[in-house]
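S.K.: structure.txt is reproduced in full below (compact mmCIF, C-alpha atoms and all ligand atoms).
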# COMPACT_ATOMS: atom_id res chain seq x y z
CA LEU E 1 -42.87 152.32 -192.05
CA PRO E 2 -46.26 150.62 -191.75
CA GLU E 3 -48.89 152.14 -194.04
CA LEU E 4 -51.09 153.46 -191.25
CA LEU E 5 -48.22 155.26 -189.53
CA GLN E 6 -47.15 156.66 -192.89
CA SER E 7 -50.55 158.23 -193.48
CA VAL E 8 -50.68 159.60 -189.92
CA LEU E 9 -47.28 161.25 -190.41
CA LYS E 10 -48.30 162.60 -193.80
CA GLU E 11 -51.39 164.19 -192.29
CA ASN E 12 -49.25 165.62 -189.48
CA ASP E 13 -46.80 167.11 -191.98
CA THR E 14 -49.63 168.86 -193.80
CA LYS E 15 -50.96 170.34 -190.56
CA ALA E 16 -47.44 171.33 -189.47
CA ARG E 17 -46.87 173.15 -192.76
CA GLU E 18 -50.06 175.16 -192.16
CA LEU E 19 -48.89 175.98 -188.64
CA ARG E 20 -45.45 177.03 -189.86
CA ALA E 21 -47.02 179.42 -192.37
CA ARG E 22 -49.27 180.88 -189.67
CA PHE E 23 -46.33 181.35 -187.29
CA GLN E 24 -44.33 183.03 -190.01
CA ASN E 25 -47.16 185.39 -190.97
CA ALA E 26 -47.65 186.31 -187.33
CA GLY E 27 -43.92 186.94 -186.85
CA VAL E 28 -43.68 184.62 -183.86
CA PHE E 29 -40.49 182.58 -183.33
CA VAL E 30 -41.47 179.08 -182.25
CA VAL E 31 -39.14 176.76 -180.36
CA SER E 32 -40.00 173.23 -179.27
CA ILE E 33 -38.13 171.43 -176.50
CA VAL E 34 -37.78 167.66 -176.39
CA SER E 35 -36.04 165.38 -173.90
CA GLY E 36 -36.54 162.33 -171.76
CA PRO E 37 -38.54 162.82 -168.55
CA GLY E 38 -36.84 165.06 -166.02
CA ALA E 39 -33.98 166.40 -168.14
CA GLY E 40 -34.99 169.93 -167.18
CA LYS E 41 -37.29 171.23 -169.93
CA THR E 42 -39.61 173.04 -167.55
CA ALA E 43 -36.75 174.44 -165.47
CA LEU E 44 -35.12 175.79 -168.65
CA LEU E 45 -38.41 177.33 -169.75
CA GLU E 46 -39.08 178.88 -166.33
CA LYS E 47 -35.79 180.78 -166.60
CA THR E 48 -36.31 181.55 -170.28
CA LEU E 49 -39.82 182.93 -169.93
CA ALA E 50 -38.73 185.07 -166.99
CA ALA E 51 -35.69 186.42 -168.87
CA LEU E 52 -37.55 187.28 -172.07
CA GLN E 53 -40.63 188.89 -170.66
CA PRO E 54 -39.39 192.32 -169.71
CA HIS E 55 -38.89 193.10 -173.41
CA SER E 56 -40.78 190.38 -175.34
CA ARG E 57 -44.23 188.86 -175.54
CA VAL E 58 -43.93 185.20 -174.71
CA ALA E 59 -46.23 182.20 -174.45
CA ALA E 60 -45.83 178.47 -173.91
CA LEU E 61 -47.65 175.23 -174.55
CA VAL E 62 -46.69 172.22 -172.49
CA GLY E 63 -47.50 168.59 -173.17
CA ASP E 64 -47.83 165.83 -170.59
CA LEU E 65 -49.80 162.61 -170.34
CA ALA E 66 -51.34 163.86 -167.09
CA THR E 67 -51.27 166.71 -164.52
CA GLU E 68 -51.12 170.48 -164.98
CA PHE E 69 -47.99 170.80 -162.82
CA ASP E 70 -45.80 172.18 -165.60
CA SER E 71 -48.28 174.73 -166.92
CA GLU E 72 -48.73 175.93 -163.33
CA ARG E 73 -44.95 176.29 -162.92
CA LEU E 74 -44.60 178.19 -166.20
CA ALA E 75 -47.66 180.39 -165.59
CA ARG E 76 -45.99 181.70 -162.43
CA THR E 77 -43.59 183.61 -164.69
CA GLY E 78 -46.58 185.65 -165.87
CA ALA E 79 -46.49 184.24 -169.40
CA GLN E 80 -49.54 182.98 -171.22
CA VAL E 81 -49.46 179.17 -170.82
CA ARG E 82 -51.64 176.26 -171.80
CA GLN E 83 -51.29 172.61 -170.85
CA ILE E 84 -51.94 169.93 -173.45
CA LEU E 85 -52.98 166.61 -171.85
CA THR E 86 -52.29 163.68 -174.13
CA GLY E 87 -53.70 160.86 -171.97
CA THR E 88 -51.84 157.86 -173.34
CA VAL E 89 -50.05 159.47 -176.28
CA CYS E 90 -46.28 159.81 -175.90
CA HIS E 91 -45.78 162.90 -178.10
CA LEU E 92 -47.47 166.09 -179.27
CA ASP E 93 -48.71 166.39 -182.84
CA ALA E 94 -49.50 169.41 -185.01
CA GLU E 95 -53.24 168.99 -184.53
CA MET E 96 -52.89 169.15 -180.72
CA VAL E 97 -50.80 172.31 -181.05
CA ASP E 98 -53.34 173.85 -183.41
CA THR E 99 -56.20 173.10 -181.02
CA ALA E 100 -54.29 174.45 -178.00
CA LEU E 101 -53.63 177.74 -179.81
CA GLU E 102 -57.36 178.45 -180.27
CA GLY E 103 -58.21 181.99 -179.25
CA TRP E 104 -54.59 183.15 -178.95
CA LYS E 105 -53.58 186.11 -181.07
CA LEU E 106 -50.30 184.90 -182.56
CA ASP E 107 -49.43 188.26 -184.04
CA GLU E 108 -49.29 189.65 -180.51
CA LEU E 109 -46.51 187.19 -179.60
CA ASP E 110 -42.75 187.36 -180.17
CA TYR E 111 -41.92 183.86 -178.90
CA LEU E 112 -43.87 180.65 -178.48
CA PHE E 113 -42.28 177.71 -176.67
CA ILE E 114 -43.63 174.18 -176.91
CA GLU E 115 -42.51 171.71 -174.23
CA ASN E 116 -43.09 168.25 -175.64
CA VAL E 117 -44.02 165.14 -173.66
CA GLY E 118 -40.95 163.75 -171.88
CA ASN E 119 -39.81 161.05 -174.27
CA LEU E 120 -36.73 160.56 -176.44
CA VAL E 121 -38.47 158.35 -179.01
CA CYS E 122 -42.06 159.28 -179.90
CA PRO E 123 -41.72 163.03 -180.59
CA ALA E 124 -38.99 162.56 -183.20
CA ALA E 125 -41.25 162.03 -186.21
CA TYR E 126 -43.83 164.73 -185.48
CA ASP E 127 -43.21 168.16 -186.98
CA LEU E 128 -45.04 170.81 -184.94
CA GLY E 129 -44.41 173.69 -187.33
CA GLU E 130 -41.70 175.04 -185.03
CA ASP E 131 -38.80 177.17 -186.30
CA ALA E 132 -36.34 175.28 -184.13
CA ARG E 133 -36.33 172.06 -182.18
CA VAL E 134 -34.06 171.84 -179.16
CA VAL E 135 -33.16 168.50 -177.60
CA LEU E 136 -32.08 168.47 -173.97
CA LEU E 137 -29.85 165.78 -172.51
CA SER E 138 -29.02 166.10 -168.83
CA VAL E 139 -25.61 165.02 -167.57
CA THR E 140 -27.38 162.56 -165.23
CA GLN E 141 -28.73 160.62 -168.22
CA GLY E 142 -25.34 159.51 -169.52
CA GLU E 143 -23.14 160.31 -172.51
CA ASP E 144 -24.37 157.29 -174.51
CA LYS E 145 -27.95 158.45 -175.03
CA PRO E 146 -27.41 160.24 -178.37
CA LEU E 147 -26.27 156.91 -179.83
CA LYS E 148 -29.27 155.07 -178.35
CA TYR E 149 -31.86 157.67 -179.38
CA ALA E 150 -30.32 158.91 -182.61
CA PRO E 151 -33.49 160.08 -184.46
CA ILE E 152 -34.40 162.74 -181.92
CA PHE E 153 -30.85 164.12 -181.92
CA HIS E 154 -30.68 163.92 -185.67
CA GLY E 155 -33.96 165.83 -185.98
CA SER E 156 -33.00 168.67 -183.66
CA ASP E 157 -31.50 172.06 -184.51
CA LEU E 158 -29.67 172.46 -181.21
CA ALA E 159 -28.55 169.97 -178.57
CA MET E 160 -28.34 171.25 -175.01
CA VAL E 161 -26.48 169.38 -172.32
CA SER E 162 -28.39 170.35 -169.19
CA LYS E 163 -27.76 170.23 -165.42
CA ALA E 164 -24.07 170.95 -165.98
CA ASP E 165 -23.82 171.81 -162.28
CA LEU E 166 -24.18 168.06 -161.55
CA ALA E 167 -21.51 166.93 -164.03
CA HIS E 168 -18.80 166.37 -161.45
CA ALA E 169 -21.02 164.21 -159.21
CA VAL E 170 -21.80 161.82 -162.09
CA GLU E 171 -18.30 162.00 -163.65
CA PHE E 172 -19.82 163.23 -166.86
CA ASP E 173 -17.54 163.08 -169.90
CA PHE E 174 -18.24 166.18 -172.02
CA SER E 175 -15.94 165.18 -174.86
CA ALA E 176 -17.68 161.79 -175.12
CA VAL E 177 -21.12 163.39 -175.34
CA ARG E 178 -19.91 165.87 -177.95
CA ARG E 179 -18.50 162.98 -179.98
CA ASN E 180 -21.75 160.97 -179.66
CA ILE E 181 -23.97 163.88 -180.62
CA ALA E 182 -21.75 164.69 -183.60
CA ALA E 183 -21.86 161.02 -184.67
CA VAL E 184 -25.66 160.99 -185.02
CA SER E 185 -26.19 164.63 -185.97
CA PRO E 186 -23.07 166.02 -187.66
CA GLY E 187 -22.69 169.76 -187.26
CA VAL E 188 -25.55 170.28 -184.83
CA PRO E 189 -24.66 173.04 -182.37
CA ILE E 190 -24.12 171.92 -178.77
CA LEU E 191 -24.67 174.18 -175.78
CA VAL E 192 -23.85 173.24 -172.19
CA VAL E 193 -26.24 174.81 -169.68
CA SER E 194 -27.41 174.78 -166.11
CA ALA E 195 -30.79 176.28 -165.39
CA LYS E 196 -29.78 176.19 -161.75
CA THR E 197 -26.50 178.14 -161.85
CA GLY E 198 -27.21 180.04 -165.07
CA LEU E 199 -24.20 178.57 -166.91
CA GLY E 200 -24.65 178.95 -170.67
CA MET E 201 -27.98 180.70 -170.26
CA ASP E 202 -26.78 184.07 -171.61
CA HIS E 203 -25.68 182.30 -174.77
CA TRP E 204 -29.13 180.69 -175.06
CA PHE E 205 -30.87 184.05 -174.55
CA ALA E 206 -28.61 185.61 -177.20
CA MET E 207 -29.64 182.88 -179.65
CA LEU E 208 -33.29 183.59 -178.94
CA ALA E 209 -32.75 187.32 -179.38
CA ALA E 210 -31.19 186.54 -182.77
CA ARG E 211 -34.09 184.18 -183.56
CA SER E 212 -31.67 181.45 -184.51
CA VAL E 213 -30.28 178.50 -182.56
CA THR E 214 -27.05 178.26 -184.51
CA ILE E 215 -23.98 179.07 -182.42
N1 LIG S 1 -29.15 170.49 -160.33
C1 LIG S 1 -30.00 170.82 -161.30
N2 LIG S 1 -31.25 170.35 -161.28
C2 LIG S 1 -32.09 170.70 -162.29
C3 LIG S 1 -31.70 171.56 -163.34
N3 LIG S 1 -32.74 171.69 -164.19
C4 LIG S 1 -33.74 170.96 -163.67
N4 LIG S 1 -33.36 170.36 -162.51
C5 LIG S 1 -34.17 169.48 -161.65
O1 LIG S 1 -34.50 168.31 -162.37
C6 LIG S 1 -35.81 167.87 -162.06
C7 LIG S 1 -36.63 167.79 -163.33
O2 LIG S 1 -36.74 169.08 -163.90
P1 LIG S 1 -37.93 169.51 -164.85
O3 LIG S 1 -37.69 170.91 -165.26
O4 LIG S 1 -39.24 169.21 -164.20
O5 LIG S 1 -37.70 168.51 -166.08
P2 LIG S 1 -38.67 168.11 -167.31
O6 LIG S 1 -39.38 166.85 -166.89
O7 LIG S 1 -37.74 167.85 -168.44
O8 LIG S 1 -39.59 169.25 -167.55
C8 LIG S 1 -36.35 168.88 -161.06
O9 LIG S 1 -36.16 168.36 -159.77
C9 LIG S 1 -35.51 170.10 -161.29
O10 LIG S 1 -35.38 170.91 -160.13
C10 LIG S 1 -30.35 172.07 -163.33
O11 LIG S 1 -29.91 172.81 -164.20
N5 LIG S 1 -29.55 171.65 -162.29
MG MG S 2 -41.64 169.36 -167.70
Before we go any further, please render this structure as structure tokens.

M.R.:
Amino acid sequence: LPELLQSVLKENDTKARELRARFQNAGVFVVSIVSGPGAGKTALLEKTLAALQPHSRVAALVGDLATEFDSERLARTGAQVRQILTGTVCHLDAEMVDTALEGWKLDELDYLFIENVGNLVCPAAYDLGEDARVVLLSVTQGEDKPLKYAPIFHGSDLAMVSKADLAHAVEFDFSAVRRNIAAVSPGVPILVVSAKTGLGMDHWFAMLAARSVTI
């Protein structure tokens, strides 16, 4: 890596370590969601925030280059939500997360979700202090994407194949995607979901209840 990028990442790692310690002390389980644009991060979070809230205290941060559309969508669930606008930057970093958390009482939260900027490349190298990173790949994006964007799959704790309700229309090959994910990230758990029909969502909620994304 070029020297400048190396020092940026080193600084980010330091900040992320501080965040992770703060999250741990506060007892909040932090999950970040990464994917290319439109894979269904916000839709997944809308359902997740709604499902958790009757019994848990939940908040979300959401990163985009521009617009507050996603924070508005998520805030409709009644959860505490803040938008992070990155302008031209194609990923969130630990400093942005730290700044966005200002004034929030972390020890009054059970779950914090962080929706990253829609991008399968940039977010890979930036630790946000999260307990678990979930990568979403929608069936409409194609089975080959894990091989093309290996670092983000390699760096994730759970791979979700989203929009399963559309699989038939795009002749999606589930065994091929499983093979491709396993090739770049051996042993990573894979969960097939549809935020629309609810397929796989109970399994996802059970993972969150157990505070672990292993299957
Ligand atoms: N059919 C179907 N559409 C979905 C599903 N999840 C999201 N979408 C649609 O995909 C588009 C992008 O979703 P969004 O949640 O904004 O994706 P994000 O950019 O990753 O946050 C929207 O039109 C959603 O309605 C799903 O499970 N099934
Ligand atoms: Mg979104």

S.K.: Excluding segment 114-116 of chain E and residues on its chain fewer than 6 positions from it, collect all residues at most 8 Å away from it, counting all atoms listed in the file, and give them as a list in words.

M.R.: Val30, Val31, Ser32, Ile33, Val34, Ser35, Lys41, Thr42, Ala60, Leu61, Val62, Gly63, Asp64, His91, Leu92 and Pro123 of chain E

S.K.: With all atoms listed in the file counted, which protein, DNA or RNA residues have an atom no more than 10 Å from (-52.5, 166.3, -183.7) in the file frame? Please answer as JSON, numbers by chain.

M.R.: {"E": [8, 9, 11, 12, 15, 16, 86, 91, 92, 93, 94, 95, 96, 97, 98, 99, 126, 128]}

S.K.: Pick from E:Leu19, E:Ile190, E:Leu120, E:Ala176: nearest to ligand LIG 1 (chain S), with all atoms listed in the file counted?

M.R.: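 Closest to ligand LIG 1 (chain S), using all atoms listed in the file: E:Leu120.
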
S.K.: Give me, as a list in words, all polymer residues having an atom no more than 8 Å from Val188 of chain E, counting all atoms listed in the file and skipping those fewer than 4 positions away in the same chain.

M.R.: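 Selected residues are Ser156, Asp157, Leu158, Ala159, Ile181 and Ala182 of chain E.
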
S.K.: May I have a table of the residues of chain E lying at most 8 Å from ligand LIG 1 (chain S), giving each one's closest pair of atoms and their distance in Å to one decimal, counting all atoms listed in the file, ordered by chain and ascending residue number, as a Markdown table?

M.R.:
| residue | atom | partner | partner_atom | distance |
| --- | --- | --- | --- | --- |
| E:Val34 | CA | S:LIG1 | O7 | 8.0 |
| E:Ser35 | CA | S:LIG1 | O7 | 6.2 |
| E:Gly36 | CA | S:LIG1 | O7 | 6.6 |
| E:Pro37 | CA | S:LIG1 | O6 | 4.4 |
| E:Gly38 | CA | S:LIG1 | O6 | 3.2 |
| E:Ala39 | CA | S:LIG1 | O7 | 4.0 |
| E:Gly40 | CA | S:LIG1 | O5 | 3.3 |
| E:Lys41 | CA | S:LIG1 | O7 | 3.7 |
| E:Thr42 | CA | S:LIG1 | O3 | 3.7 |
| E:Ala43 | CA | S:LIG1 | O3 | 3.7 |
| E:Leu44 | CA | S:LIG1 | O3 | 6.5 |
| E:Leu45 | CA | S:LIG1 | O3 | 7.9 |
| E:Asp70 | CA | S:LIG1 | O8 | 7.1 |
| E:Glu115 | CA | S:LIG1 | O8 | 7.7 |
| E:Gly118 | CA | S:LIG1 | O6 | 6.1 |
| E:Leu136 | CA | S:LIG1 | O7 | 7.9 |
| E:Ser162 | CA | S:LIG1 | O11 | 5.8 |
| E:Lys163 | CA | S:LIG1 | O11 | 3.6 |
| E:Ala164 | CA | S:LIG1 | O11 | 6.4 |
| E:Asp165 | CA | S:LIG1 | N5 | 5.7 |
| E:Leu166 | CA | S:LIG1 | N1 | 5.7 |
| E:Val193 | CA | S:LIG1 | O11 | 6.9 |
| E:Ser194 | CA | S:LIG1 | O11 | 3.7 |
| E:Ala195 | CA | S:LIG1 | O11 | 3.8 |
| E:Lys196 | CA | S:LIG1 | O11 | 4.2 |
| E:Thr197 | CA | S:LIG1 | O11 | 6.7 |
| E:Gly198 | CA | S:LIG1 | O11 | 7.8 |

S.K.: Just the number, please: distance in Å from atom CA of Val184 of chain E to atom CA of Val121 of chain E, one decimal.

M.R.: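 Computing the Euclidean distance for atom CA of Val184 of chain E and atom CA of Val121 of chain E yields 14.4 Å.
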
S.K.: Choose the residue, out of E:Leu85, E:Ala125, E:Arg22, E:Ala50, that has the smallest atom-to-atom separation from Gln6 of chain E; count only C-alpha atoms.

M.R.: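 Closest to Gln6 of chain E of all the choices is E:Ala125.
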
S.K.: Looking at all atoms listed in the file, which of E:Val192, E:Ile84, E:Val177, E:Ala169 is the one that sits closest to ligand MG 2 (chain S)?

M.R.: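 Selected residue with least distance to ligand MG 2 (chain S): E:Ile84.
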
S.K.: Got a sec: who's within 7 Å of segment 106-108 of chain E, counting only C-alpha atoms, leaving out chain neighbours fewer than 5 positions off, as a list in words?

M.R.: Ala26, Gly27 and Val28 of chain E

S.K.: Atoms to include: C-alpha atoms. Write the selected residues as a tab-separated table (two decimals), in the coordinates of the input.

M.R.:
chain	number	residue	atom	x	y	z
E	26	ALA	CA	-47.65	186.31	-187.33
E	27	GLY	CA	-43.92	186.94	-186.85
E	28	VAL	CA	-43.68	184.62	-183.86

S.K.: Using all atoms listed in the file, find the one residue out of E:Ala132, E:Leu5, E:Leu191, E:Ala100 that sits nearest to Ser212 of chain E.

M.R.: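 The shortest atom-to-atom distance to Ser212 of chain E comes from E:Ala132.
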
S.K.: Please compute the atom CA of His203 of chain E-atom CA of Asp110 of chain E distance, one decimal, in Å.

M.R.: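 Atom CA of Asp110 of chain E lies 18.6 Å from atom CA of His203 of chain E.
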
S.K.: Find the distance between atom CA of Val58 of chain E and atom CA of Tyr111 of chain E and write it in Å to one decimal.

M.R.: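 Answer for the atom CA of Val58 of chain E to atom CA of Tyr111 of chain E separation: 4.8 Å.
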
S.K.: My list of candidates is E:His168, E:His154, E:Arg73, E:Arg57. Which is closest to Lys105 of chain E when distances are computed with all atoms listed in the file?

M.R.: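 Closest residue, counting all atoms listed in the file: E:Arg57.
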
S.K.: Compare E:Ser138, E:Asp144, E:Ala59, E:Arg178 by their minimum atom-to-atom distance to Leu74 of chain E, counting all atoms listed in the file, and give me the closest one.

M.R.: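 Of the candidates, the smallest distance to Leu74 of chain E is held by E:Ala59.
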
S.K.: Tell me, as an MDAnalysis selection string, which residues lie within 8 Å of segment 65-67 of chain E, counting all atoms listed in the file; anything in the same chain fewer than 4 positions away does not count.

M.R.: chainID E and resid 85:90 117
